[in-house]
file model34.csv (CSV, C-alpha atoms)
chain,number,residue,atom,x,y,z
A,1,MET,CA,-106.6,-62.3,-33.2
A,2,LEU,CA,-103.9,-61.5,-35.8
A,3,ALA,CA,-100.4,-62.8,-35.6
A,4,ARG,CA,-97.2,-63.2,-37.7
A,5,PHE,CA,-93.8,-64.8,-37.6
A,6,PRO,CA,-90.8,-62.4,-37.3
A,7,GLY,CA,-89.3,-61.4,-40.6
A,8,LEU,CA,-92.2,-62.8,-42.6
A,9,ASP,CA,-94.8,-61.0,-44.6
A,10,HIS,CA,-97.6,-63.4,-43.9
A,11,VAL,CA,-100.7,-62.8,-41.7
A,12,LEU,CA,-102.3,-65.4,-39.4
A,13,ASP,CA,-105.9,-64.6,-38.7
A,14,LEU,CA,-106.7,-66.9,-35.7
A,15,GLY,CA,-110.2,-65.6,-35.4
A,16,ASN,CA,-111.9,-67.2,-32.4
A,17,ALA,CA,-108.9,-69.6,-31.9
A,18,PRO,CA,-106.2,-67.6,-30.1
A,19,GLY,CA,-105.1,-70.7,-28.3
A,20,LEU,CA,-103.4,-71.8,-31.5
A,21,LEU,CA,-100.8,-69.1,-31.0
A,22,THR,CA,-99.6,-71.0,-27.9
A,23,SER,CA,-99.3,-74.2,-29.8
A,24,LEU,CA,-97.4,-72.4,-32.6
A,25,ARG,CA,-95.0,-70.9,-30.1
A,26,ALA,CA,-94.4,-74.3,-28.5
A,27,MET,CA,-93.2,-75.9,-31.8
A,28,ALA,CA,-91.2,-72.8,-33.0
A,29,PRO,CA,-89.1,-72.0,-29.9
A,30,THR,CA,-86.6,-69.9,-31.7
A,31,TRP,CA,-89.0,-68.3,-34.3
A,32,GLN,CA,-91.7,-67.2,-32.0
A,33,PRO,CA,-94.9,-65.8,-33.7
A,34,SER,CA,-96.5,-62.9,-31.9
A,35,ALA,CA,-99.9,-61.1,-31.9
A,36,ILE,CA,-100.1,-57.9,-34.0
A,37,PRO,CA,-102.6,-55.1,-33.2
A,38,GLU,CA,-103.9,-54.6,-36.8
A,39,ALA,CA,-103.7,-56.1,-40.2
A,40,PRO,CA,-100.8,-54.8,-42.4
A,41,ALA,CA,-101.2,-53.7,-46.0
A,42,ASP,CA,-103.2,-55.9,-48.3
A,43,VAL,CA,-100.3,-56.1,-50.8
A,44,LEU,CA,-96.6,-56.7,-50.6
A,45,PRO,CA,-94.1,-54.1,-51.9
A,46,ASP,CA,-93.9,-56.0,-55.2
A,47,GLY,CA,-97.6,-55.8,-55.8
A,48,ARG,CA,-98.5,-59.4,-54.9
A,49,PRO,CA,-101.3,-60.0,-52.4
A,50,MET,CA,-100.3,-60.3,-48.7
A,51,PRO,CA,-100.4,-64.0,-47.9
A,52,LYS,CA,-103.0,-64.8,-45.3
A,53,THR,CA,-104.0,-67.9,-43.4
A,54,SER,CA,-107.3,-67.9,-41.6
A,55,VAL,CA,-108.3,-70.3,-38.9
A,56,TRP,CA,-111.4,-70.4,-36.7
A,57,HIS,CA,-113.1,-72.9,-34.4
A,58,GLY,CA,-116.2,-74.4,-36.0
A,59,GLU,CA,-118.4,-77.4,-35.5
A,60,GLY,CA,-116.3,-80.6,-35.0
A,61,GLY,CA,-112.9,-78.8,-34.8
A,62,TYR,CA,-110.9,-76.1,-36.5
A,63,VAL,CA,-111.6,-74.7,-40.0
A,64,LEU,CA,-108.5,-73.7,-41.9
A,65,LYS,CA,-108.4,-71.5,-45.0
A,66,PRO,CA,-104.9,-71.7,-46.4
A,67,HIS,CA,-103.6,-68.9,-48.6
A,68,TRP,CA,-102.8,-71.2,-51.5
A,69,ARG,CA,-105.9,-73.3,-51.5
A,70,ARG,CA,-109.4,-72.2,-52.6
A,71,LYS,CA,-111.5,-74.5,-50.3
A,72,PRO,CA,-111.2,-74.5,-46.5
A,73,MET,CA,-110.2,-77.6,-44.6
A,74,ARG,CA,-112.7,-78.7,-41.9
A,75,ARG,CA,-112.9,-80.7,-38.7
A,76,LEU,CA,-109.2,-80.4,-37.9
A,77,GLY,CA,-107.6,-81.1,-34.6
A,78,THR,CA,-105.0,-78.8,-33.0
A,79,ALA,CA,-101.9,-80.4,-34.5
A,80,SER,CA,-103.6,-80.7,-38.0
A,81,ALA,CA,-104.5,-77.0,-37.8
A,82,VAL,CA,-100.9,-76.1,-36.8
A,83,CYS,CA,-99.6,-78.3,-39.6
A,84,GLY,CA,-101.7,-76.4,-42.2
A,85,ILE,CA,-100.5,-73.0,-40.9
A,86,ILE,CA,-96.9,-74.2,-41.0
A,87,ALA,CA,-97.3,-75.3,-44.6
A,88,ASP,CA,-98.4,-71.8,-45.5
A,89,VAL,CA,-95.6,-70.2,-43.5
A,90,CYS,CA,-92.9,-72.3,-45.2
A,91,GLN,CA,-94.4,-71.5,-48.6
A,92,ALA,CA,-94.4,-67.8,-47.8
A,93,TYR,CA,-90.8,-67.9,-46.4
A,94,CYS,CA,-89.5,-69.4,-49.7
A,95,ASP,CA,-91.7,-67.2,-52.0
A,96,GLN,CA,-90.4,-64.0,-50.3
A,97,ARG,CA,-86.8,-65.0,-50.9
A,98,PRO,CA,-86.3,-65.2,-54.7
A,99,GLY,CA,-83.8,-67.9,-55.7
A,100,THR,CA,-84.6,-70.1,-52.7
A,101,LEU,CA,-85.4,-73.7,-53.4
A,102,ALA,CA,-87.5,-75.8,-51.0
A,103,LEU,CA,-86.5,-79.4,-50.8
A,104,HIS,CA,-89.3,-81.6,-49.6
A,105,CYS,CA,-87.3,-83.7,-47.1
A,106,GLY,CA,-86.2,-84.2,-43.5
A,107,ALA,CA,-82.7,-83.1,-42.5
A,108,PHE,CA,-80.4,-83.6,-39.5
A,109,GLU,CA,-76.8,-83.0,-38.6
A,110,LEU,CA,-74.5,-85.5,-37.0
A,111,HIS,CA,-70.7,-85.5,-36.6
A,112,GLY,CA,-70.7,-82.3,-38.6
A,113,ARG,CA,-72.4,-83.8,-41.6
A,114,LEU,CA,-75.8,-82.4,-42.7
A,115,ILE,CA,-78.0,-85.2,-44.2
A,116,ALA,CA,-81.2,-84.7,-46.2
A,117,LEU,CA,-83.8,-87.6,-46.2
A,118,THR,CA,-86.2,-87.5,-49.2
A,119,GLY,CA,-88.3,-90.1,-51.0
A,120,PRO,CA,-91.8,-90.7,-52.3
A,121,PHE,CA,-95.0,-90.2,-50.2
A,122,ARG,CA,-95.0,-92.2,-47.0
A,123,ALA,CA,-91.4,-93.4,-47.5
A,124,GLY,CA,-90.7,-92.8,-43.7
A,125,LYS,CA,-89.1,-89.3,-43.7
A,126,SER,CA,-91.0,-88.0,-40.6
A,127,THR,CA,-90.6,-91.3,-38.7
A,128,LEU,CA,-86.9,-91.5,-39.3
A,129,ILE,CA,-86.4,-87.8,-38.3
A,130,ALA,CA,-88.3,-88.5,-35.1
A,131,ARG,CA,-86.0,-91.5,-34.5
A,132,MET,CA,-82.9,-89.4,-35.0
A,133,ALA,CA,-84.3,-86.8,-32.6
A,134,CYS,CA,-84.2,-89.4,-29.9
A,135,ASP,CA,-80.4,-89.3,-30.0
A,136,SER,CA,-79.1,-86.2,-28.1
A,137,ASP,CA,-76.1,-85.8,-30.3
A,138,VAL,CA,-78.2,-85.2,-33.4
A,139,SER,CA,-79.4,-81.7,-34.5
A,140,ILE,CA,-82.7,-81.6,-36.3
A,141,TYR,CA,-83.0,-79.1,-39.2
A,142,CYS,CA,-86.5,-80.1,-40.5
A,143,ASP,CA,-88.9,-82.9,-41.1
A,144,ASP,CA,-90.7,-81.6,-44.1
A,145,VAL,CA,-89.3,-78.5,-45.9
A,146,LEU,CA,-85.6,-77.5,-46.1
A,147,PRO,CA,-85.0,-74.1,-47.8
A,148,LEU,CA,-81.8,-73.8,-49.9
A,149,THR,CA,-80.4,-70.4,-50.6
A,150,GLU,CA,-79.3,-69.3,-54.0
A,151,ASP,CA,-75.7,-70.4,-53.2
A,152,GLY,CA,-76.9,-73.8,-52.1
A,153,ARG,CA,-76.8,-73.5,-48.3
A,154,ALA,CA,-79.4,-75.2,-46.2
A,155,VAL,CA,-81.5,-73.2,-43.7
A,156,ALA,CA,-83.2,-74.5,-40.6
A,157,LEU,CA,-86.5,-72.8,-39.9
A,158,GLY,CA,-86.6,-73.9,-36.3
A,159,LEU,CA,-89.9,-75.9,-36.6
A,160,ALA,CA,-90.4,-79.0,-34.5
A,161,PRO,CA,-90.8,-82.3,-36.3
A,162,ARG,CA,-94.3,-83.8,-36.7
A,163,LEU,CA,-95.2,-87.5,-36.5
A,164,ARG,CA,-98.2,-89.3,-37.9
A,165,LEU,CA,-100.2,-91.2,-35.3
A,166,PRO,CA,-100.4,-93.8,-34.0
A,167,VAL,CA,-96.7,-93.9,-33.2
A,168,PRO,CA,-95.1,-96.7,-35.3
A,169,ASP,CA,-94.1,-99.8,-33.2
A,170,GLY,CA,-90.4,-99.4,-33.9
A,171,LEU,CA,-90.4,-95.9,-32.6
A,172,ARG,CA,-92.2,-96.4,-29.3
A,173,GLU,CA,-89.2,-97.7,-27.4
A,174,PRO,CA,-86.7,-95.0,-28.6
A,175,LEU,CA,-89.2,-92.2,-27.8
A,176,GLY,CA,-89.8,-93.7,-24.4
A,177,LYS,CA,-86.1,-93.8,-23.6
A,178,ALA,CA,-85.3,-90.3,-24.8
A,179,SER,CA,-85.7,-88.2,-21.7
A,180,HIS,CA,-84.9,-85.0,-23.6
A,181,VAL,CA,-87.9,-85.4,-26.0
A,182,GLU,CA,-91.3,-84.2,-25.0
A,183,PRO,CA,-94.7,-84.4,-26.7
A,184,GLY,CA,-95.9,-81.2,-28.3
A,185,PRO,CA,-99.3,-80.2,-29.8
A,186,GLY,CA,-101.2,-83.3,-30.9
A,187,ASP,CA,-104.5,-84.6,-32.0
A,188,HIS,CA,-105.9,-87.9,-33.5
A,189,ARG,CA,-103.8,-87.6,-36.7
A,190,TYR,CA,-100.5,-85.9,-35.8
A,191,GLY,CA,-98.3,-85.2,-32.8
A,192,TYR,CA,-95.4,-82.8,-32.6
A,193,ILE,CA,-92.1,-83.7,-30.9
A,194,LEU,CA,-90.3,-81.1,-28.8
A,195,THR,CA,-86.5,-81.5,-28.5
A,196,PRO,CA,-83.7,-79.1,-27.4
A,197,SER,CA,-81.7,-80.5,-30.2
A,198,LEU,CA,-83.8,-78.6,-32.8
A,199,ALA,CA,-81.5,-76.3,-34.8
A,200,ASP,CA,-82.3,-72.6,-34.2
A,201,HIS,CA,-84.2,-70.7,-36.8
A,202,GLY,CA,-81.8,-69.3,-39.4
A,203,THR,CA,-79.0,-71.9,-38.8
A,204,VAL,CA,-77.3,-72.6,-42.1
A,205,GLY,CA,-75.2,-75.5,-43.2
A,206,ASP,CA,-73.9,-77.3,-46.3
A,207,LEU,CA,-75.5,-80.5,-47.3
A,208,SER,CA,-73.2,-83.5,-47.2
A,209,ALA,CA,-75.5,-86.1,-48.8
A,210,ILE,CA,-79.0,-86.6,-49.9
A,211,PHE,CA,-80.6,-90.0,-49.1
A,212,VAL,CA,-83.6,-91.3,-50.9
A,213,LEU,CA,-85.5,-93.6,-48.6
A,214,ASP,CA,-86.8,-97.0,-49.8
A,215,ARG,CA,-88.4,-99.4,-47.4
A,216,SER,CA,-90.3,-101.4,-50.0
A,217,SER,CA,-87.4,-102.5,-52.3
A,218,GLY,CA,-86.4,-106.1,-52.9
A,219,GLN,CA,-82.8,-105.0,-52.6
A,220,ARG,CA,-80.7,-105.9,-49.6
A,221,SER,CA,-80.6,-103.4,-46.7
A,222,GLY,CA,-77.8,-100.9,-47.4
A,223,VAL,CA,-76.7,-97.8,-49.2
A,224,TYR,CA,-76.7,-97.5,-53.0
A,225,ARG,CA,-75.4,-94.9,-55.3
A,226,VAL,CA,-77.9,-93.1,-57.5
A,227,SER,CA,-77.0,-92.0,-61.0
A,228,HIS,CA,-76.5,-88.3,-61.8
A,229,GLU,CA,-79.5,-88.3,-64.2
A,230,GLU,CA,-81.9,-89.8,-61.6
A,231,THR,CA,-80.6,-87.4,-59.0
A,232,ILE,CA,-81.5,-84.4,-61.2
A,233,ALA,CA,-84.9,-85.7,-61.8
A,234,HIS,CA,-85.6,-86.5,-58.2
A,235,LEU,CA,-84.4,-83.1,-56.9
A,236,ILE,CA,-86.6,-81.3,-59.5
A,237,ARG,CA,-89.6,-83.3,-58.2
A,238,GLN,CA,-88.8,-82.7,-54.6
A,239,ASN,CA,-88.6,-78.9,-55.0
A,240,ILE,CA,-91.8,-77.3,-53.8
A,241,ALA,CA,-90.8,-73.6,-54.2
A,242,ASP,CA,-91.2,-71.5,-57.3
A,243,PRO,CA,-88.3,-72.6,-59.6
A,244,GLY,CA,-88.0,-69.2,-61.3
A,245,ASP,CA,-86.7,-69.5,-64.8
A,246,PRO,CA,-87.5,-73.2,-65.5
A,247,LEU,CA,-84.5,-73.9,-67.7
A,248,ASP,CA,-82.0,-72.1,-65.4
A,249,HIS,CA,-83.6,-74.2,-62.6
A,250,VAL,CA,-82.7,-77.4,-64.3
A,251,ASP,CA,-79.1,-76.2,-64.7
A,252,ARG,CA,-78.9,-75.2,-61.1
A,253,VAL,CA,-80.3,-78.6,-59.9
A,254,ALA,CA,-77.8,-80.4,-62.2
A,255,GLU,CA,-74.9,-78.5,-60.6
A,256,MET,CA,-76.3,-79.4,-57.1
A,257,ALA,CA,-76.5,-83.1,-58.2
A,258,ARG,CA,-72.8,-82.9,-59.2
A,259,ALA,CA,-71.7,-81.4,-55.9
A,260,ILE,CA,-73.8,-83.4,-53.4
A,261,PRO,CA,-73.8,-87.3,-53.3
A,262,CYS,CA,-77.2,-88.8,-53.8
A,263,LEU,CA,-77.7,-92.2,-52.3
A,264,LYS,CA,-80.6,-94.6,-51.8
A,265,LEU,CA,-81.1,-96.0,-48.3
A,266,VAL,CA,-82.8,-99.4,-48.4
A,267,TYR,CA,-83.9,-100.4,-44.9
A,268,ARG,CA,-86.0,-103.0,-43.1
A,269,ASP,CA,-87.2,-100.9,-40.1
A,270,VAL,CA,-86.4,-97.6,-38.4
A,271,GLU,CA,-83.6,-99.0,-36.3
A,272,ASP,CA,-81.9,-100.4,-39.3
A,273,ALA,CA,-82.1,-97.0,-41.1
A,274,ALA,CA,-80.8,-95.1,-38.1
A,275,ARG,CA,-77.8,-97.5,-37.7
A,276,LEU,CA,-76.8,-97.1,-41.4
A,277,LEU,CA,-77.1,-93.3,-41.2
A,278,ARG,CA,-75.0,-93.1,-38.1
A,279,GLN,CA,-72.4,-95.3,-39.6
A,280,TYR,CA,-72.3,-93.1,-42.7
A,281,CYS,CA,-71.9,-89.9,-40.7
A,282,ALA,CA,-69.2,-91.5,-38.5
A,283,THR,CA,-67.1,-92.5,-41.4
A,284,ALA,CA,-67.4,-89.1,-43.1
A,285,GLY,CA,-69.1,-90.9,-46.0
A,286,GLU,CA,-65.9,-91.5,-48.0
A,287,ALA,CA,-65.1,-94.9,-46.4
A,288,PHE,CA,-68.7,-96.1,-46.3
A,289,PRO,CA,-69.4,-99.1,-48.5
A,290,THR,CA,-72.0,-98.3,-51.2
A,291,ALA,CA,-73.3,-100.4,-54.1
A,292,GLU,CA,-74.0,-99.4,-57.7
A,293,GLY,CA,-77.3,-99.7,-59.7
A,294,ALA,CA,-79.8,-98.0,-57.5
A,295,THR,CA,-83.0,-96.5,-58.9
A,296,VAL,CA,-85.1,-93.9,-57.2
A,297,PRO,CA,-88.4,-95.5,-56.0
A,298,PRO,CA,-91.4,-94.1,-57.8
A,299,SER,CA,-94.2,-92.3,-56.1
A,300,PRO,CA,-97.3,-94.4,-55.6
A,301,ALA,CA,-99.7,-94.1,-58.6
A,302,GLU,CA,-103.0,-92.4,-58.0
A,303,GLY,CA,-105.5,-94.6,-59.7
A,304,GLY,CA,-105.0,-97.0,-62.5
A,305,PRO,CA,-103.7,-96.4,-66.1
A,306,ILE,CA,-105.9,-94.3,-68.4
A,307,ALA,CA,-106.9,-95.8,-71.7
A,308,LEU,CA,-106.2,-93.6,-74.7
A,309,PRO,CA,-108.8,-93.4,-77.6
A,310,ALA,CA,-107.5,-95.6,-80.4
A,311,SER,CA,-108.0,-93.0,-83.1
A,312,ARG,CA,-106.9,-89.9,-81.3
A,313,ARG,CA,-103.7,-88.3,-82.5
A,314,TYR,CA,-101.3,-86.7,-80.0
A,315,VAL,CA,-98.6,-84.1,-80.6
A,316,GLN,CA,-96.1,-82.2,-78.5
A,317,ALA,CA,-97.8,-79.3,-76.6
A,318,ASP,CA,-96.7,-76.0,-78.1
A,319,GLU,CA,-95.7,-74.3,-74.8
A,320,VAL,CA,-93.7,-77.2,-73.4
A,321,GLN,CA,-89.9,-76.8,-73.3
A,322,LEU,CA,-87.3,-79.5,-73.5
A,323,ARG,CA,-84.1,-79.1,-71.4
A,324,GLU,CA,-81.2,-81.6,-71.7
A,325,THR,CA,-78.3,-81.6,-69.3
A,326,GLY,CA,-75.7,-84.2,-70.1
A,327,THR,CA,-77.7,-87.5,-70.6
A,328,ALA,CA,-80.7,-86.2,-68.5
A,329,ALA,CA,-83.7,-84.6,-70.1
A,330,VAL,CA,-86.8,-83.0,-68.7
A,331,LEU,CA,-89.9,-81.2,-70.1
A,332,TRP,CA,-91.1,-78.0,-68.5
A,333,HIS,CA,-94.8,-77.1,-68.7
A,334,PRO,CA,-95.0,-73.3,-67.9
A,335,ALA,CA,-98.8,-73.1,-67.5
A,336,ARG,CA,-98.9,-76.0,-65.0
A,337,ARG,CA,-95.5,-75.2,-63.5
A,338,HIS,CA,-94.7,-78.9,-63.9
A,339,TYR,CA,-91.6,-80.9,-64.8
A,340,PHE,CA,-91.8,-84.2,-66.6
A,341,GLN,CA,-88.7,-86.5,-66.5
A,342,LEU,CA,-87.8,-88.2,-69.8
A,343,ASN,CA,-86.0,-91.5,-69.7
A,344,ASN,CA,-84.6,-92.9,-73.0
A,345,ILE,CA,-87.9,-94.4,-74.1
A,346,ALA,CA,-89.9,-91.3,-73.2
A,347,ARG,CA,-87.4,-89.1,-75.0
A,348,LEU,CA,-87.9,-91.2,-78.1
A,349,VAL,CA,-91.7,-91.0,-77.8
A,350,TRP,CA,-91.5,-87.2,-77.4
A,351,SER,CA,-89.4,-86.9,-80.5
A,352,LEU,CA,-91.8,-89.1,-82.5
A,353,LEU,CA,-94.6,-86.7,-81.5
A,354,ASP,CA,-93.2,-83.8,-83.2
A,355,GLU,CA,-96.0,-84.6,-85.7
A,356,PRO,CA,-99.4,-85.9,-84.7
A,357,ARG,CA,-99.6,-89.7,-84.2
A,358,THR,CA,-101.9,-92.1,-82.4
A,359,HIS,CA,-100.4,-94.4,-79.8
A,360,ARG,CA,-100.8,-97.2,-82.3
A,361,ASN,CA,-98.6,-95.3,-84.7
A,362,VAL,CA,-96.0,-94.9,-82.0
A,363,VAL,CA,-96.2,-98.6,-81.2
A,364,GLU,CA,-95.6,-99.4,-84.9
A,365,GLN,CA,-92.4,-97.3,-84.9
A,366,PHE,CA,-91.2,-99.1,-81.8
A,367,GLU,CA,-91.9,-102.5,-83.4
A,368,VAL,CA,-89.4,-101.6,-86.1
A,369,LEU,CA,-86.8,-100.3,-83.6
A,370,PHE,CA,-87.3,-103.1,-81.0
A,371,PRO,CA,-88.4,-106.2,-83.0
A,372,TRP,CA,-87.5,-108.6,-80.1
A,373,VAL,CA,-90.0,-107.0,-77.7
A,374,PRO,CA,-93.5,-108.6,-77.8
A,375,ARG,CA,-96.1,-106.3,-79.3
A,376,THR,CA,-98.4,-106.7,-76.3
A,377,GLN,CA,-95.7,-105.4,-74.0
A,378,LEU,CA,-94.9,-102.5,-76.4
A,379,LYS,CA,-98.6,-101.6,-76.6
A,380,HIS,CA,-99.1,-101.7,-72.8
A,381,ASP,CA,-95.9,-99.7,-72.0
A,382,ILE,CA,-96.3,-97.0,-74.7
A,383,GLU,CA,-100.0,-96.5,-74.0
A,384,ALA,CA,-99.3,-96.1,-70.3
A,385,LEU,CA,-96.5,-93.6,-71.0
A,386,MET,CA,-98.5,-91.5,-73.4
A,387,ALA,CA,-101.4,-91.5,-71.0
A,388,ASP,CA,-99.1,-90.2,-68.3
A,389,MET,CA,-97.7,-87.5,-70.7
A,390,SER,CA,-101.2,-86.5,-71.7
A,391,GLU,CA,-102.3,-86.2,-68.0
A,392,SER,CA,-99.2,-84.0,-67.4
A,393,GLY,CA,-100.1,-81.8,-70.3
A,394,VAL,CA,-96.8,-82.2,-72.1
A,395,ILE,CA,-98.6,-83.8,-75.1
A,396,GLU,CA,-102.1,-82.9,-76.3
A,397,ALA,CA,-104.7,-84.0,-78.8
A,398,ALA,CA,-103.9,-82.8,-82.3
call {"tool": "encode", "arguments": {"input": "model34.csv", "output": "structure tokens"}}
result
Amino acid sequence: MLARFPGLDHVLDLGNAPGLLTSLRAMAPTWQPSAIPEAPADVLPDGRPMPKTSVWHGEGGYVLKPHWRRKPMRRLGTASAVCGIIADVCQAYCDQRPGTLALHCGAFELHGRLIALTGPFRAGKSTLIARMACDSDVSIYCDDVLPLTEDGRAVALGLAPRLRLPVPDGLREPLGKASHVEPGPGDHRYGYILTPSLADHGTVGDLSAIFVLDRSSGQRSGVYRVSHEETIAHLIRQNIADPGDPLDHVDRVAEMARAIPCLKLVYRDVEDAARLLRQYCATAGEAFPTAEGATVPPSPAEGGPIALPASRRYVQADEVQLRETGTAAVLWHPARRHYFQLNNIARLVWSLLDEPRTHRNVVEQFEVLFPWVPRTQLKHDIEALMADMSESGVIEAA
């Protein structure tokens, strides 16, 4: 069976799994996919290949071959297969609308204020969106991807929120009390939540604030202001759509950061977070107490630091471009389509590597500039930073 979502050039080949179409329709009530009699053209009008997601039922579960991934994913349950399809659908939606950004976040509207919830991996975005869906006066825009039009307006795709299983302890009671919320497609990993408060597909709104979630900080529970520079860097990291011209993209994100408040939400548990968000929306934001000095929590590191060869010299990669906006600076790697944020120390390291140097050479320069910092600390910090830059491809072996 072949299917597609309305208004989207993207083919779903459901193979021997036509039942997935019913699951997709359940979690997209206002953007109903439908079966199509035959495959459309292999290429789009602009010459790009027609995006296609293939799913079939194999041994141990579903097998999913996403359009943007070389290897198939195996042994998937129903909700996991639906999740993979939706990831491709969201990517295709943004790719087919040049100038669209895709903010990796959850979003809801309350008291006329549209709030985006972002943060590092496993910060609690989906859990908190599920909690907000338990309140009948909240409209849910998304739990994972929020498209932003070229003029900065947020678009709801009408896709039900998904929750990792098992249900977190703090969420069981609110879900049990919410009579308007029903379970959708599920498996051992994920469960979708069906709610009539899901914003219709194509609903547009203006973001009132962006909250970065932090449930692991040593700070007191509350709302903290994030600096303009950190906001720019965070929004660049959270965009999962093609940025277009990379330098124009930085300028566009910088303008967004000036127009939309970025705040860090430090919370103990899901009820604590929901309470603070409701208070913020009820006071229209302006009268809500916030504190200075917040930093965006880093994403969890994958693996430990990489040791650099003592004698290897590194230099700025030729194709990498530097973009400075006010006091913020980022590097753009066009081949990898990757941004690398520069703080003051990283910017200084980058400038020193305009000619080949070993990390020991760089440490020696820092010893002159910062004589009060112990050499062991300088060596550790500079080596870790240069290893990160090397892994990201913004510097290379000379």
call {"tool": "residues_around", "arguments": {"input": "model34.csv", "residues": "A:Pro309", "least_positions_apart": "3", "cutoff": "12 Å", "atoms": "all atoms listed in the file", "output": "list in words"}}
result
Ile306, Arg312, Arg313, Tyr314, Arg357, Thr358, His359, Arg360, Glu383, Met386, Ala387, Ser390 and Ala397 of chain A
call {"tool": "atom_distance", "arguments": {"input": "model34.csv", "atom1": "atom CA of A:Glu229", "atom2": "atom CA of A:Phe211"}}
result
15.2 Å
call {"tool": "closest_residue", "arguments": {"input": "model34.csv", "among": "A:Ala254, A:Ala241, A:Ala87, A:Met50", "to": "A:His10", "atoms": "only C-alpha atoms"}}
result
A:Met50
call {"tool": "atom_distance", "arguments": {"input": "model34.csv", "atom1": "atom CA of A:Ala130", "atom2": "atom CA of A:Ile193"}}
result
7.4 Å
call {"tool": "residues_around", "arguments": {"input": "model34.csv", "residues": "stretch 92-106 of chain A", "least_positions_apart": "3", "cutoff": "9 Å", "atoms": "all atoms listed in the file", "output": "PyMOL selection string"}}
result
chain A and resi 7-10+51+87-89+115-119+125-126+128-129+140-152+161+235-244
call {"tool": "write_last_selection", "arguments": {"input": "model34.csv", "atoms": "C-alpha atoms", "output": "short mmCIF file (atom, residue, chain, number, x, y, z; two decimals), in the coordinates of the input"}}
result
data_model
loop_
_atom_site.label_atom_id
_atom_site.label_comp_id
_atom_site.auth_asym_id
_atom_site.auth_seq_id
_atom_site.Cartn_x
_atom_site.Cartn_y
_atom_site.Cartn_z
CA GLY A 7 -89.30 -61.40 -40.60
CA LEU A 8 -92.20 -62.80 -42.60
CA ASP A 9 -94.80 -61.00 -44.60
CA HIS A 10 -97.60 -63.40 -43.90
CA PRO A 51 -100.40 -64.00 -47.90
CA ALA A 87 -97.30 -75.30 -44.60
CA ASP A 88 -98.40 -71.80 -45.50
CA VAL A 89 -95.60 -70.20 -43.50
CA ILE A 115 -78.00 -85.20 -44.20
CA ALA A 116 -81.20 -84.70 -46.20
CA LEU A 117 -83.80 -87.60 -46.20
CA THR A 118 -86.20 -87.50 -49.20
CA GLY A 119 -88.30 -90.10 -51.00
CA LYS A 125 -89.10 -89.30 -43.70
CA SER A 126 -91.00 -88.00 -40.60
CA LEU A 128 -86.90 -91.50 -39.30
CA ILE A 129 -86.40 -87.80 -38.30
CA ILE A 140 -82.70 -81.60 -36.30
CA TYR A 141 -83.00 -79.10 -39.20
CA CYS A 142 -86.50 -80.10 -40.50
CA ASP A 143 -88.90 -82.90 -41.10
CA ASP A 144 -90.70 -81.60 -44.10
CA VAL A 145 -89.30 -78.50 -45.90
CA LEU A 146 -85.60 -77.50 -46.10
CA PRO A 147 -85.00 -74.10 -47.80
CA LEU A 148 -81.80 -73.80 -49.90
CA THR A 149 -80.40 -70.40 -50.60
CA GLU A 150 -79.30 -69.30 -54.00
CA ASP A 151 -75.70 -70.40 -53.20
CA GLY A 152 -76.90 -73.80 -52.10
CA PRO A 161 -90.80 -82.30 -36.30
CA LEU A 235 -84.40 -83.10 -56.90
CA ILE A 236 -86.60 -81.30 -59.50
CA ARG A 237 -89.60 -83.30 -58.20
CA GLN A 238 -88.80 -82.70 -54.60
CA ASN A 239 -88.60 -78.90 -55.00
CA ILE A 240 -91.80 -77.30 -53.80
CA ALA A 241 -90.80 -73.60 -54.20
CA ASP A 242 -91.20 -71.50 -57.30
CA PRO A 243 -88.30 -72.60 -59.60
CA GLY A 244 -88.00 -69.20 -61.30
#
call {"tool": "atom_distance", "arguments": {"input": "model34.csv", "atom1": "atom CA of A:Val330", "atom2": "atom CA of A:Leu369"}}
result
22.8 Å
call {"tool": "closest_residue", "arguments": {"input": "model34.csv", "among": "A:Val363, A:Val250, A:Val394, A:Leu353", "to": "A:His380", "atoms": "all atoms listed in the file"}}
result
A:Val363
call {"tool": "residues_near_point", "arguments": {"input": "model34.csv", "point": "(-87.0, -95.0, -70.6)", "cutoff": "12 Å", "atoms": "all atoms listed in the file", "output": "ChimeraX atom specification"}}
result
/A:229-230,327-329,341-350,381-382,385
call {"tool": "closest_residue", "arguments": {"input": "model34.csv", "among": "A:Ser139, A:Thr231, A:Gln316, A:Ser179", "to": "A:Ala160", "atoms": "only C-alpha atoms"}}
result
A:Ser139
call {"tool": "closest_residue", "arguments": {"input": "model34.csv", "among": "A:Asp187, A:Glu59, A:Asp206, A:Asp169", "to": "A:Gly112", "atoms": "only C-alpha atoms"}}
result
A:Asp206
call {"tool": "closest_residue", "arguments": {"input": "model34.csv", "among": "A:Leu308, A:Leu322, A:Val11, A:Met73", "to": "A:Pro37", "atoms": "all atoms listed in the file"}}
result
A:Val11
call {"tool": "closest_residue", "arguments": {"input": "model34.csv", "among": "A:Cys90, A:Val138, A:Val204, A:Leu12", "to": "A:Leu110", "atoms": "all atoms listed in the file"}}
result
A:Val138
